[in-house]
Structure formats: structure tokens, C-alpha cells
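Text of model-v3.txt (compact mmCIF, C-alpha atoms and all ligand atoms) as supplied:
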```txt
# COMPACT_ATOMS: atom_id res chain seq x y z
CA MET A 1 10.64 23.75 3.25
CA TYR A 2 9.23 21.89 6.22
CA SER A 3 5.72 22.11 7.51
CA THR A 4 3.49 20.29 9.90
CA LEU A 5 -0.27 20.47 9.64
CA PRO A 6 -2.04 23.20 11.63
CA ASP A 7 -3.19 22.32 15.14
CA ARG A 8 -6.92 22.72 14.40
CA PRO A 9 -9.57 20.76 12.52
CA LEU A 10 -8.36 20.54 8.94
CA ASN A 11 -9.88 21.16 5.55
CA VAL A 12 -9.26 17.86 3.83
CA ALA A 13 -9.71 16.97 0.17
CA VAL A 14 -9.83 13.40 -1.15
CA LEU A 15 -8.84 13.38 -4.81
CA GLY A 16 -10.12 10.12 -6.31
CA ALA A 17 -12.89 9.86 -3.72
CA SER A 18 -15.03 7.48 -5.79
CA GLY A 19 -12.26 4.88 -6.21
CA ALA A 20 -11.31 1.83 -4.15
CA VAL A 21 -8.65 3.70 -2.17
CA GLY A 22 -10.77 6.88 -1.99
CA GLN A 23 -13.67 4.99 -0.42
CA GLU A 24 -11.34 3.46 2.15
CA LEU A 25 -9.89 6.90 2.92
CA LEU A 26 -13.39 8.16 3.72
CA LEU A 27 -14.03 5.20 5.99
CA LEU A 28 -10.75 5.64 7.86
CA LEU A 29 -11.02 9.42 8.28
CA GLN A 30 -14.21 8.71 10.17
CA GLU A 31 -13.02 5.60 12.01
CA ARG A 32 -9.81 7.25 13.23
CA HIS A 33 -11.57 10.49 14.23
CA PHE A 34 -9.23 12.43 11.98
CA PRO A 35 -9.69 16.13 12.80
CA VAL A 36 -11.74 17.22 9.78
CA ALA A 37 -13.30 20.69 9.61
CA GLN A 38 -14.48 20.39 6.00
CA LEU A 39 -14.24 17.42 3.65
CA LYS A 40 -14.12 17.90 -0.12
CA LEU A 41 -14.57 14.94 -2.42
CA MET A 42 -13.04 15.17 -5.88
CA ALA A 43 -12.96 12.90 -8.90
CA SER A 44 -13.36 13.18 -12.66
CA SER A 45 -16.46 14.33 -14.55
CA ARG A 46 -17.60 10.67 -14.51
CA SER A 47 -18.44 10.78 -10.80
CA ALA A 48 -18.99 14.52 -10.38
CA GLY A 49 -22.46 15.21 -9.00
CA THR A 50 -22.82 11.84 -7.29
CA THR A 51 -22.87 11.80 -3.51
CA ARG A 52 -21.01 9.82 -0.86
CA GLN A 53 -22.06 9.44 2.75
CA TRP A 54 -19.55 10.65 5.28
CA SER A 55 -20.10 11.10 9.00
CA GLY A 56 -23.86 11.17 8.59
CA GLU A 57 -23.97 13.64 5.72
CA ALA A 58 -24.19 13.28 1.97
CA ILE A 59 -21.24 15.02 0.29
CA THR A 60 -21.34 15.75 -3.43
CA VAL A 61 -18.33 14.68 -5.48
CA GLU A 62 -16.85 17.62 -7.42
CA GLU A 63 -14.90 17.55 -10.65
CA VAL A 64 -11.37 18.64 -9.78
CA THR A 65 -10.30 22.07 -11.09
CA ALA A 66 -7.41 24.43 -10.37
CA GLN A 67 -9.64 26.27 -7.86
CA SER A 68 -10.54 23.10 -5.94
CA PHE A 69 -7.62 23.31 -3.52
CA LYS A 70 -8.15 26.86 -2.23
CA GLY A 71 -8.30 26.79 1.58
CA VAL A 72 -7.48 23.09 1.72
CA ASP A 73 -4.86 21.98 4.30
CA LEU A 74 -4.41 18.36 3.27
CA VAL A 75 -4.97 16.54 -0.02
CA LEU A 76 -5.15 12.75 0.08
CA ALA A 77 -4.64 11.88 -3.57
CA SER A 78 -5.64 8.50 -5.03
CA ALA A 79 -6.60 9.22 -8.63
CA GLY A 80 -3.55 7.79 -10.39
CA GLY A 81 -0.16 9.13 -11.39
CA SER A 82 -1.13 11.39 -14.27
CA VAL A 83 -3.82 13.11 -12.19
CA SER A 84 -1.37 13.62 -9.32
CA ARG A 85 1.20 15.07 -11.70
CA GLN A 86 -1.43 17.34 -13.24
CA TRP A 87 -2.53 18.86 -9.91
CA ARG A 88 0.66 18.80 -7.83
CA GLU A 89 1.54 22.44 -8.56
CA ALA A 90 -1.98 23.71 -7.84
CA ILE A 91 -2.06 21.75 -4.57
CA THR A 92 1.32 22.86 -3.24
CA ALA A 93 0.80 26.44 -4.45
CA SER A 94 -2.38 26.57 -2.38
CA GLY A 95 -0.31 25.70 0.69
CA ALA A 96 -1.83 22.25 1.15
CA VAL A 97 0.23 19.16 1.93
CA MET A 98 -0.27 16.37 -0.62
CA VAL A 99 -0.06 12.74 0.50
CA ASP A 100 -0.02 10.87 -2.77
CA ASN A 101 -0.97 7.22 -3.32
CA SER A 102 0.26 7.05 -6.89
CA SER A 103 3.76 6.14 -8.01
CA ALA A 104 4.29 9.57 -9.65
CA PHE A 105 6.73 11.03 -7.12
CA ARG A 106 7.90 8.07 -5.06
CA MET A 107 11.44 7.92 -6.33
CA GLU A 108 11.85 11.69 -6.70
CA PRO A 109 14.70 13.03 -4.53
CA GLY A 110 13.24 15.35 -1.90
CA VAL A 111 9.92 13.52 -1.79
CA PRO A 112 9.76 11.36 1.34
CA LEU A 113 8.49 7.81 0.83
CA VAL A 114 7.04 6.85 4.16
CA VAL A 115 5.80 3.86 6.12
CA PRO A 116 5.07 5.38 9.55
CA GLU A 117 6.17 2.28 11.50
CA VAL A 118 9.45 2.12 9.55
CA ASN A 119 10.74 5.62 8.70
CA PRO A 120 8.42 8.16 10.37
CA LYS A 121 11.05 10.90 10.58
CA ALA A 122 11.32 11.07 6.80
CA ALA A 123 7.78 12.51 6.64
CA LEU A 124 8.95 15.69 8.36
CA GLU A 125 11.41 16.46 5.58
CA HIS A 126 8.71 17.02 2.97
CA ARG A 127 8.47 20.02 0.66
CA GLY A 128 4.73 19.80 0.15
CA VAL A 129 4.48 16.27 -1.21
CA ILE A 130 4.82 12.96 0.64
CA ALA A 131 4.55 9.72 -1.30
CA ASN A 132 2.73 6.65 -0.06
CA PRO A 133 4.68 3.57 -1.18
CA ASN A 134 3.45 0.77 -3.41
CA CYS A 135 1.05 -1.49 -1.51
CA THR A 136 3.14 -4.67 -1.63
CA THR A 137 6.18 -2.68 -0.48
CA ILE A 138 4.37 -1.22 2.53
CA LEU A 139 3.28 -4.69 3.66
CA LEU A 140 6.76 -6.12 3.14
CA THR A 141 8.69 -3.39 4.94
CA LEU A 142 6.52 -3.81 8.04
CA ALA A 143 7.92 -7.34 8.34
CA LEU A 144 11.48 -6.54 7.22
CA ALA A 145 12.16 -3.51 9.42
CA PRO A 146 11.90 -5.18 12.86
CA LEU A 147 14.31 -7.89 11.69
CA ALA A 148 16.69 -5.50 9.94
CA ALA A 149 17.01 -3.56 13.19
CA HIS A 150 18.72 -6.64 14.72
CA ARG A 151 20.75 -8.21 11.87
CA ALA A 152 21.92 -6.59 8.66
CA LEU A 153 19.87 -7.61 5.63
CA ARG A 154 21.82 -9.12 2.76
CA ARG A 155 19.23 -10.18 0.25
CA VAL A 156 15.43 -10.37 -0.09
CA VAL A 157 13.56 -12.59 -2.56
CA VAL A 158 9.79 -12.17 -2.65
CA SER A 159 6.85 -13.62 -4.60
CA THR A 160 3.54 -11.80 -4.34
CA TYR A 161 -0.04 -13.05 -4.63
CA GLN A 162 -1.92 -9.84 -5.41
CA SER A 163 -5.70 -9.49 -5.23
CA ALA A 164 -8.00 -7.90 -7.80
CA SER A 165 -8.57 -4.87 -5.59
CA GLY A 166 -4.99 -3.80 -6.22
CA ALA A 167 -6.15 -2.84 -9.69
CA GLY A 168 -9.05 -0.73 -8.42
CA ALA A 169 -12.78 -0.87 -7.85
CA ARG A 170 -13.63 -1.89 -11.44
CA ALA A 171 -11.25 -4.86 -11.30
CA MET A 172 -13.01 -6.12 -8.16
CA GLU A 173 -16.37 -5.91 -9.93
CA GLU A 174 -14.92 -7.70 -12.94
CA LEU A 175 -13.63 -10.59 -10.80
CA LYS A 176 -17.06 -10.99 -9.20
CA GLY A 177 -18.84 -10.85 -12.56
CA LEU A 178 -16.48 -13.21 -14.38
CA SER A 179 -16.58 -15.70 -11.49
CA ARG A 180 -20.35 -15.90 -12.02
CA VAL A 181 -19.81 -16.37 -15.77
CA VAL A 182 -17.43 -19.30 -15.15
CA LEU A 183 -19.73 -20.89 -12.57
CA ASP A 184 -22.60 -20.64 -15.06
CA GLY A 185 -20.49 -22.49 -17.65
CA GLY A 186 -19.68 -19.43 -19.78
CA THR A 187 -16.41 -18.13 -21.18
CA PRO A 188 -15.04 -15.18 -19.20
CA VAL A 189 -13.90 -12.18 -21.24
CA SER A 190 -12.05 -9.44 -19.37
CA GLU A 191 -12.26 -5.72 -20.09
CA VAL A 192 -10.62 -4.15 -17.04
CA LEU A 193 -7.75 -6.57 -16.40
CA PRO A 194 -5.74 -7.88 -19.36
CA HIS A 195 -6.82 -11.49 -18.76
CA PRO A 196 -9.76 -13.12 -16.99
CA LEU A 197 -8.81 -13.48 -13.32
CA ALA A 198 -11.74 -15.71 -12.35
CA PHE A 199 -10.36 -19.19 -11.54
CA ASN A 200 -7.06 -18.09 -13.10
CA LEU A 201 -3.90 -16.15 -12.25
CA PHE A 202 -1.32 -14.26 -14.27
CA LEU A 203 1.98 -12.46 -13.86
CA HIS A 204 1.50 -8.80 -12.94
CA ASN A 205 0.72 -6.94 -16.14
CA SER A 206 2.56 -3.66 -15.43
CA PRO A 207 4.95 -2.75 -18.26
CA LEU A 208 8.00 -4.94 -18.72
CA GLN A 209 11.31 -3.20 -18.07
CA PRO A 210 14.51 -3.70 -20.12
CA ASN A 211 15.66 -6.28 -17.52
CA HIS A 212 12.40 -8.26 -18.06
CA TYR A 213 11.15 -7.52 -14.57
CA CYS A 214 7.76 -5.77 -14.65
CA GLU A 215 7.27 -2.28 -13.29
CA GLU A 216 5.50 -3.56 -10.15
CA GLU A 217 8.48 -5.80 -9.34
CA MET A 218 10.96 -2.95 -9.83
CA LYS A 219 8.80 -0.68 -7.65
CA MET A 220 9.25 -3.19 -4.83
CA VAL A 221 13.02 -3.25 -5.35
CA ASN A 222 13.54 0.50 -5.56
CA GLU A 223 10.99 1.58 -2.99
CA THR A 224 12.14 -0.91 -0.35
CA ARG A 225 15.69 0.38 -0.78
CA LYS A 226 14.53 4.00 -0.38
CA ILE A 227 12.24 3.43 2.64
CA MET A 228 14.79 1.33 4.50
CA ASP A 229 17.71 3.52 3.44
CA LEU A 230 19.51 0.47 2.05
CA PRO A 231 20.42 1.60 -1.47
CA ASP A 232 22.47 -1.51 -2.18
CA LEU A 233 20.07 -4.12 -0.80
CA ARG A 234 20.02 -7.17 -3.06
CA PHE A 235 16.39 -7.75 -3.93
CA SER A 236 14.40 -9.78 -6.44
CA ALA A 237 10.61 -9.94 -6.83
CA THR A 238 8.01 -11.86 -8.84
CA CYS A 239 4.53 -10.31 -8.76
CA VAL A 240 1.43 -12.36 -9.55
CA ARG A 241 -2.22 -11.37 -9.74
CA VAL A 242 -4.48 -14.00 -8.10
CA PRO A 243 -8.28 -14.36 -7.95
CA VAL A 244 -8.62 -13.01 -4.42
CA LEU A 245 -10.99 -10.09 -4.08
CA ARG A 246 -9.11 -8.14 -1.47
CA ALA A 247 -5.77 -8.39 0.44
CA HIS A 248 -2.36 -9.30 -0.92
CA SER A 249 -0.06 -12.11 0.23
CA GLU A 250 3.72 -12.46 -0.06
CA ALA A 251 6.19 -15.35 0.30
CA VAL A 252 9.43 -13.80 1.53
CA ASN A 253 12.97 -15.16 1.75
CA ILE A 254 15.28 -12.95 3.81
CA GLU A 255 19.03 -13.48 3.97
CA PHE A 256 21.05 -11.85 6.73
CA ASN A 257 24.77 -11.49 7.32
CA GLU A 258 24.61 -14.18 10.01
CA PRO A 259 22.10 -16.75 11.29
CA PHE A 260 18.87 -15.32 12.74
CA PRO A 261 17.28 -17.70 15.28
CA VAL A 262 13.65 -18.33 14.33
CA GLU A 263 12.43 -17.84 17.91
CA GLU A 264 14.05 -14.41 18.10
CA ALA A 265 12.55 -13.37 14.74
CA ARG A 266 9.13 -14.61 15.83
CA HIS A 267 9.37 -12.64 19.08
CA LEU A 268 10.46 -9.46 17.26
CA LEU A 269 7.63 -9.71 14.74
CA GLU A 270 5.11 -10.42 17.48
CA GLN A 271 6.12 -7.17 19.18
CA ALA A 272 6.39 -5.07 16.02
CA ALA A 273 4.01 -2.17 15.41
CA GLY A 274 1.49 -2.89 12.66
CA VAL A 275 2.27 -6.62 12.63
CA GLU A 276 0.16 -9.51 13.91
CA LEU A 277 1.50 -13.03 14.24
CA ILE A 278 -0.83 -15.78 12.98
CA GLU A 279 1.10 -18.95 13.50
CA ASP A 280 -0.42 -22.11 14.89
CA LEU A 281 2.10 -24.79 13.99
CA ALA A 282 0.10 -27.58 15.62
CA ALA A 283 -3.02 -26.71 13.62
CA ASN A 284 -1.06 -25.86 10.44
CA ARG A 285 -2.81 -22.49 10.43
CA PHE A 286 -1.14 -19.39 9.02
CA PRO A 287 -2.25 -15.98 7.60
CA MET A 288 -4.86 -15.89 4.87
CA PRO A 289 -6.28 -12.87 3.00
CA ILE A 290 -9.61 -13.29 4.80
CA ASP A 291 -7.81 -12.88 8.15
CA VAL A 292 -6.79 -9.33 7.27
CA THR A 293 -9.57 -8.09 4.99
CA GLY A 294 -10.83 -4.80 6.38
CA ARG A 295 -8.24 -4.87 9.17
CA ASP A 296 -5.15 -2.78 9.90
CA PRO A 297 -2.29 -5.19 10.73
CA VAL A 298 -0.12 -7.16 8.38
CA ALA A 299 -0.37 -10.80 9.42
CA VAL A 300 2.90 -12.75 9.44
CA GLY A 301 3.47 -16.44 10.00
CA ARG A 302 5.23 -19.66 9.00
CA ILE A 303 8.54 -18.12 10.01
CA ARG A 304 11.10 -20.80 9.44
CA GLN A 305 14.76 -21.48 8.85
CA ASP A 306 15.59 -21.64 5.14
CA ILE A 307 16.93 -25.19 4.76
CA SER A 308 19.10 -24.07 1.83
CA ASP A 309 20.90 -21.22 3.61
CA PRO A 310 21.91 -21.01 7.31
CA ASN A 311 21.69 -17.20 7.22
CA ALA A 312 18.18 -16.98 5.76
CA LEU A 313 14.60 -17.09 7.01
CA GLU A 314 11.39 -17.79 5.13
CA LEU A 315 8.08 -16.19 6.07
CA TRP A 316 4.59 -15.61 4.72
CA LEU A 317 2.51 -12.46 5.11
CA CYS A 318 -0.94 -11.13 4.22
CA GLY A 319 -2.19 -7.56 4.39
CA ASP A 320 -5.19 -5.56 3.25
CA GLN A 321 -3.52 -3.45 0.61
CA ILE A 322 -6.38 -1.00 0.19
CA ARG A 323 -6.19 -0.35 3.89
CA LYS A 324 -2.60 -0.58 5.21
CA GLY A 325 -1.19 -0.75 1.69
CA ALA A 326 -2.82 2.55 0.73
CA ALA A 327 -5.49 4.47 2.69
CA LEU A 328 -4.44 3.73 6.26
CA ASN A 329 -0.76 4.36 5.55
CA ALA A 330 -1.65 7.72 3.93
CA ILE A 331 -3.73 8.82 6.92
CA GLN A 332 -1.04 7.67 9.35
CA ILE A 333 1.42 9.88 7.43
CA ALA A 334 -0.92 12.86 7.87
CA GLU A 335 -1.25 12.00 11.57
CA LEU A 336 2.56 12.16 11.87
CA LEU A 337 2.42 15.75 10.62
CA ILE A 338 -0.23 16.64 13.19
CA ALA A 339 1.55 14.96 16.08
CA SER A 340 4.91 16.65 15.39
P1 LIG B 401 -9.82 3.27 -8.84
O1 LIG B 401 -10.69 2.43 -7.99
O2 LIG B 401 -9.80 3.03 -10.30
O3 LIG B 401 -10.20 4.82 -8.58
C1 LIG B 401 -9.63 5.89 -9.31
C2 LIG B 401 -10.16 7.21 -8.78
O4 LIG B 401 -9.50 8.26 -9.49
C3 LIG B 401 -11.64 7.39 -8.99
O5 LIG B 401 -12.16 8.17 -7.94
C4 LIG B 401 -11.68 8.20 -10.30
O6 LIG B 401 -12.83 9.02 -10.43
C5 LIG B 401 -10.48 9.11 -10.08
N1 LIG B 401 -10.01 9.67 -11.34
C6 LIG B 401 -9.67 8.99 -12.45
N2 LIG B 401 -9.29 9.87 -13.42
C7 LIG B 401 -9.42 11.11 -12.89
C8 LIG B 401 -9.21 12.42 -13.39
N3 LIG B 401 -8.78 12.64 -14.64
N4 LIG B 401 -9.43 13.47 -12.57
C9 LIG B 401 -9.86 13.26 -11.31
N5 LIG B 401 -10.10 12.05 -10.78
C10 LIG B 401 -9.87 10.98 -11.56
O7 LIG B 401 -8.30 3.19 -8.40
P2 LIG B 401 -7.68 2.87 -6.93
O8 LIG B 401 -7.44 1.43 -6.82
O9 LIG B 401 -8.48 3.56 -5.89
O10 LIG B 401 -6.23 3.52 -7.08
C11 LIG B 401 -6.02 4.91 -7.03
C12 LIG B 401 -4.53 5.21 -6.90
O11 LIG B 401 -4.02 4.58 -5.74
C13 LIG B 401 -3.68 4.68 -8.07
O12 LIG B 401 -2.60 5.56 -8.29
C14 LIG B 401 -3.19 3.36 -7.54
O13 LIG B 401 -1.98 2.96 -8.16
C15 LIG B 401 -2.96 3.71 -6.08
N6 LIG B 401 -3.00 2.56 -5.19
C16 LIG B 401 -4.01 1.66 -5.26
C17 LIG B 401 -3.99 0.59 -4.37
C18 LIG B 401 -5.07 -0.45 -4.39
O14 LIG B 401 -4.91 -1.43 -3.66
N7 LIG B 401 -6.14 -0.32 -5.14
C19 LIG B 401 -2.98 0.45 -3.44
C20 LIG B 401 -1.98 1.40 -3.39
C21 LIG B 401 -2.00 2.45 -4.27
P3 LIG B 401 -14.07 8.65 -11.38
O15 LIG B 401 -15.02 7.86 -10.54
O16 LIG B 401 -14.61 10.00 -11.73
O17 LIG B 401 -13.53 7.89 -12.54
```
Spit out the file's structure as C-alpha cells when you get a sec.
Amino acid sequence: MYSTLPDRPLNVAVLGASGAVGQELLLLLQERHFPVAQLKLMASSRSAGTTRQWSGEAITVEEVTAQSFKGVDLVLASAGGSVSRQWREAITASGAVMVDNSSAFRMEPGVPLVVPEVNPKAALEHRGVIANPNCTTILLTLALAPLAAHRALRRVVVSTYQSASGAGARAMEELKGLSRVVLDGGTPVSEVLPHPLAFNLFLHNSPLQPNHYCEEEMKMVNETRKIMDLPDLRFSATCVRVPVLRAHSEAVNIEFNEPFPVEEARHLLEQAAGVELIEDLAANRFPMPIDVTGRDPVAVGRIRQDISDPNALELWLCGDQIRKGAALNAIQIAELLIAS
């Protein structure tokens, strides 16, 4: 099955509307003048009955039920994998297209995994569900794709520096609260994240896999291969949670089949859609999370020749993962279906 979205204002539902990604979705639907006829906000019983402001009106959050999707054209889902799995059938049976932020369907054959600047055509092959990739993967592929279009990729090694917001709205609040505890001389005790993040960092706590990589690291490996259609790409990742409130960073080593002149790579990244170059070598000034917080582009800089390998480049990137790593990417996917 293949379907675009109807060429009229759409009935849109945000599932997970009270969460970190859900709130950003609301902001972006308004900011991008997405053609909304009616907006439904859905969450669990915890938030049902509360209101959220959208486009000058207060909309009440509803508890999601099987009837919730009747008459809905587009569901932007950001309530976690089990919720997406639970409601997938009801959503697609109602005729709505589901753009899903969770990892539930990303690796499922037949479900496109889309970064609009990288593989936009894949979105049009959907059968009712399109998956939004993992946030770190979206940010990374924006920098890899313009380079991969000019020299074949051989191997990617990445270390991530992931902010609290990647773990949701409650993790952000916990980082703020525990930072105050530490500054006041107290002992921070975490309840949302597995360890106190204030003035600390720890390896990403997603479940360890049999190969001793964590799930987040293997998501980066598998999802990058799927998005870029490079099933054999050699790839290794180390994911770390750092005490930054919002926006992820990544140190990336990219090996090609042949040397890639730094100047050419810099020029390609400067021109690439969704990428901004922040690179002032004289001032020793490169991307920081605060440069991209609340902004669309992924900032790339410190592009340099790897001194240990003539065929490899090193670079650094930062991106707002709630925005481009989740909400913005999801809305751009929906826009692809309208434009086609
Ligand atoms: P969050 O801040 O914890 O928000 C979760 C949302 O899901 C809330 O609106 C919550 O509603 C709702 N929810 C939870 N259980 C539900 C249920 N049983 N039925 C209906 N709604 C339910 O999490 P988030 O950071 O926005 O992440 C949401 C999803 O996006 C996750 O799958 C996450 O992996 C993915 N994602 C997150 C990021 C990020 O940077 N944060 C990036 C990419 C992808 P209540 O208020 O009622 O609890």
C-alpha cells in the first residue's frame, strides 16, 4: 500500500502530547504552519484532562482509546515503544498514517526509516507506518550522507555525549533538581535515571546486548545501515549520557575507501541541507550544545584529517535531539507525504 496525505488541512493527533517530544511537536506544528484542521492531544490517564496551549487555544489532553483515531489523518506518536505497538493496528485500521518516534518498528522490513535530507523517497513506500530514527542516528546521518555521496564509506566510529532530555521530560527535571542538591552540598539520589547525572556522566544505560554493546549503540549501527542503504557498513559506537540539559554531541571518525581532502569535506558539509558549519579555527571555536538548542540544523565542525589513517576524517557535531532528532524530523516526514 502507498498513500500520501490528503491535500487539505489535516486532522492530526499527537500521541504522547505531554512529553518532551510531544511538546516540541506542538511547537513545530505551529511554527511550520503545518496544515492542521483539528488537533487531538493524547496521553495516558496521568495527563488526561490537563490542557495544553496550541495556536491560541487551550486543548484538553485525552486518554488514548481505540476510538481516539477515528477521522484522524496523521498520528505523530511519541509515547514509547509499547504504546506504539499497542495502538498501531487501531491507527492504521482507521486509515491514518502513523509517524512513530519510538524504536518499535524501525528495523521492521516494510517500515521506512526516514531522514528527509538523506532518504526522502523511502517515506513514499510506507504501508501506514513510518519510523523516525533514533535521535543520535538522525544527527549523524545528516553529516555522513553528503560525504558518502562523494566517496564510499568504509567504517564509522562514533562516541556520543547525550543530554538528559534524550531520556524525556522527567529526566530533564531530575538533572535540574539534582544539580541544585549538589550545589547546596547535598548527596544527589536519582529516581528517573539510573545514576545521578548532576556533575557526573555514565555510559548509556539501555540494556546490554550479548556483544556487550548497549541497545542505544546497536540502534546507531543498525539504523544507520538501514537509512543509508549500506547493510555492510563497518560501524562501532560508544554512547554516554552527560549532564547537558538539551542537545546531543558526537565525535565521529569516518574512514573512506580513499583520501577525502578536508577542504572538500568542509565545502560539502557547508552546502548540505540541515547542516550548519561552526568552525572558527583561529578562535578555536566549534559547535556546542547551546549553539543548537531550540534550533533546526545539526552543527558540524573541527573537520580534520585523521593523523592515524590517510583515508579517514574526524569531525564533531551537535544537534538538538528533541527537535531534529525527533519532532522536527517526524514533521518533515509528514511534509514529504503532503508534497508528493
Ligand atoms: P516523555 O517525556 O517521558 O513523554 C512520554 C509521553 O508518552 C507522555 O506524553 C506520556 O503521557 C505518554 N505516555 C506514557 N505512557 C503512555 C500510555 N500508556 N498511553 C498513552 N500515553 C502514554 O518521553 P519523550 O522523551 O517525549 O519520548 C517519547 C518517545 O520518543 C520515546 O519512544 C522516545 O524513545 C522517543 N524519542 C525521544 C527523544 C528525546 O530526545 N527525548 C528523541 C527521539 C525519540 P503522560 O503524561 O500521561 O505520562
Using only the atoms of stretch 197-202 of chain A listed in the file, plus 3 Å on each side, state the axis-aligned box centre and edge lengths in Å rounded to one decimal, as AutoDock Vina command-line options.
```
--center_x -6.5 --center_y -16.3 --center_z -12.9 --size_x 16.4 --size_y 11.7 --size_z 8.7
```
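Closest approach to A:Leu139 among A:Arg170, A:Arg295, A:Arg302, A:His248 is made by A:His248 (distances from all atoms listed in the file).
With all atoms listed in the file as the atoms that count, the minimum distance from A:Thr50 to the choices A:Leu178, A:Glu24, A:Leu313, A:Ser18 is reached by A:Ser18.
The space between atom CA of A:Ile130 and atom CA of A:Tyr213 spans 26.3 Å.
You can rank A:Asp309, A:Asp320, A:Glu108, A:Glu255 by their closest distance to ligand LIG 401 (chain B) using only C-alpha atoms and all ligand atoms, and at the top of that list sits A:Asp320.
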List the neighbours of A:Ala143 out to 12 Å using all atoms listed in the file; skip same-chain residues closer than 6 positions along the sequence, and give me the result as a compact mmCIF listing (two decimals) with C-alpha atoms, keeping the file's coordinate frame.
```txt
# COMPACT_ATOMS: atom_id res chain seq x y z
CA VAL A 115 5.80 3.86 6.12
CA GLU A 117 6.17 2.28 11.50
CA VAL A 118 9.45 2.12 9.55
CA THR A 136 3.14 -4.67 -1.63
CA THR A 137 6.18 -2.68 -0.48
CA ALA A 149 17.01 -3.56 13.19
CA VAL A 156 15.43 -10.37 -0.09
CA THR A 224 12.14 -0.91 -0.35
CA MET A 228 14.79 1.33 4.50
CA GLU A 250 3.72 -12.46 -0.06
CA ALA A 251 6.19 -15.35 0.30
CA VAL A 252 9.43 -13.80 1.53
CA ASN A 253 12.97 -15.16 1.75
CA ILE A 254 15.28 -12.95 3.81
CA ALA A 265 12.55 -13.37 14.74
CA ARG A 266 9.13 -14.61 15.83
CA LEU A 268 10.46 -9.46 17.26
CA LEU A 269 7.63 -9.71 14.74
CA GLU A 270 5.11 -10.42 17.48
CA GLN A 271 6.12 -7.17 19.18
CA ALA A 272 6.39 -5.07 16.02
CA ALA A 273 4.01 -2.17 15.41
CA GLY A 274 1.49 -2.89 12.66
CA VAL A 275 2.27 -6.62 12.63
CA GLU A 276 0.16 -9.51 13.91
CA LEU A 277 1.50 -13.03 14.24
CA PRO A 297 -2.29 -5.19 10.73
CA VAL A 298 -0.12 -7.16 8.38
CA ALA A 299 -0.37 -10.80 9.42
CA VAL A 300 2.90 -12.75 9.44
CA GLY A 301 3.47 -16.44 10.00
CA ILE A 303 8.54 -18.12 10.01
CA LEU A 313 14.60 -17.09 7.01
CA GLU A 314 11.39 -17.79 5.13
CA LEU A 315 8.08 -16.19 6.07
CA TRP A 316 4.59 -15.61 4.72
CA LEU A 317 2.51 -12.46 5.11
CA CYS A 318 -0.94 -11.13 4.22
CA GLY A 319 -2.19 -7.56 4.39
```
- Contacts to ligand LIG 401 (chain B) at 7 Å cut-off (all atoms listed in the file) as a PyMOL selection string: chain A and resi 15-22+42-48+63-64+78-81+83+101-103+134-135+165-170+321-322+325-326
- Task: Choose the residue, out of A:Gln30, A:Arg127, A:Val72, A:Ala164, that has the smallest atom-to-atom separation from A:Gly56; count all atoms listed in the file.
- Result: A:Gln30
- Message: Please return as an NGL selection string every residue within 8 Å of (3.0, 23.6, 6.1), taking into account all atoms listed in the file and the file's own coordinates.
- Response: :A and (2-6 or 95-97 or 128)
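Rounded to one decimal, atom CA of A:Ile138 and atom CA of A:Ala123 lie 14.7 Å from each other.
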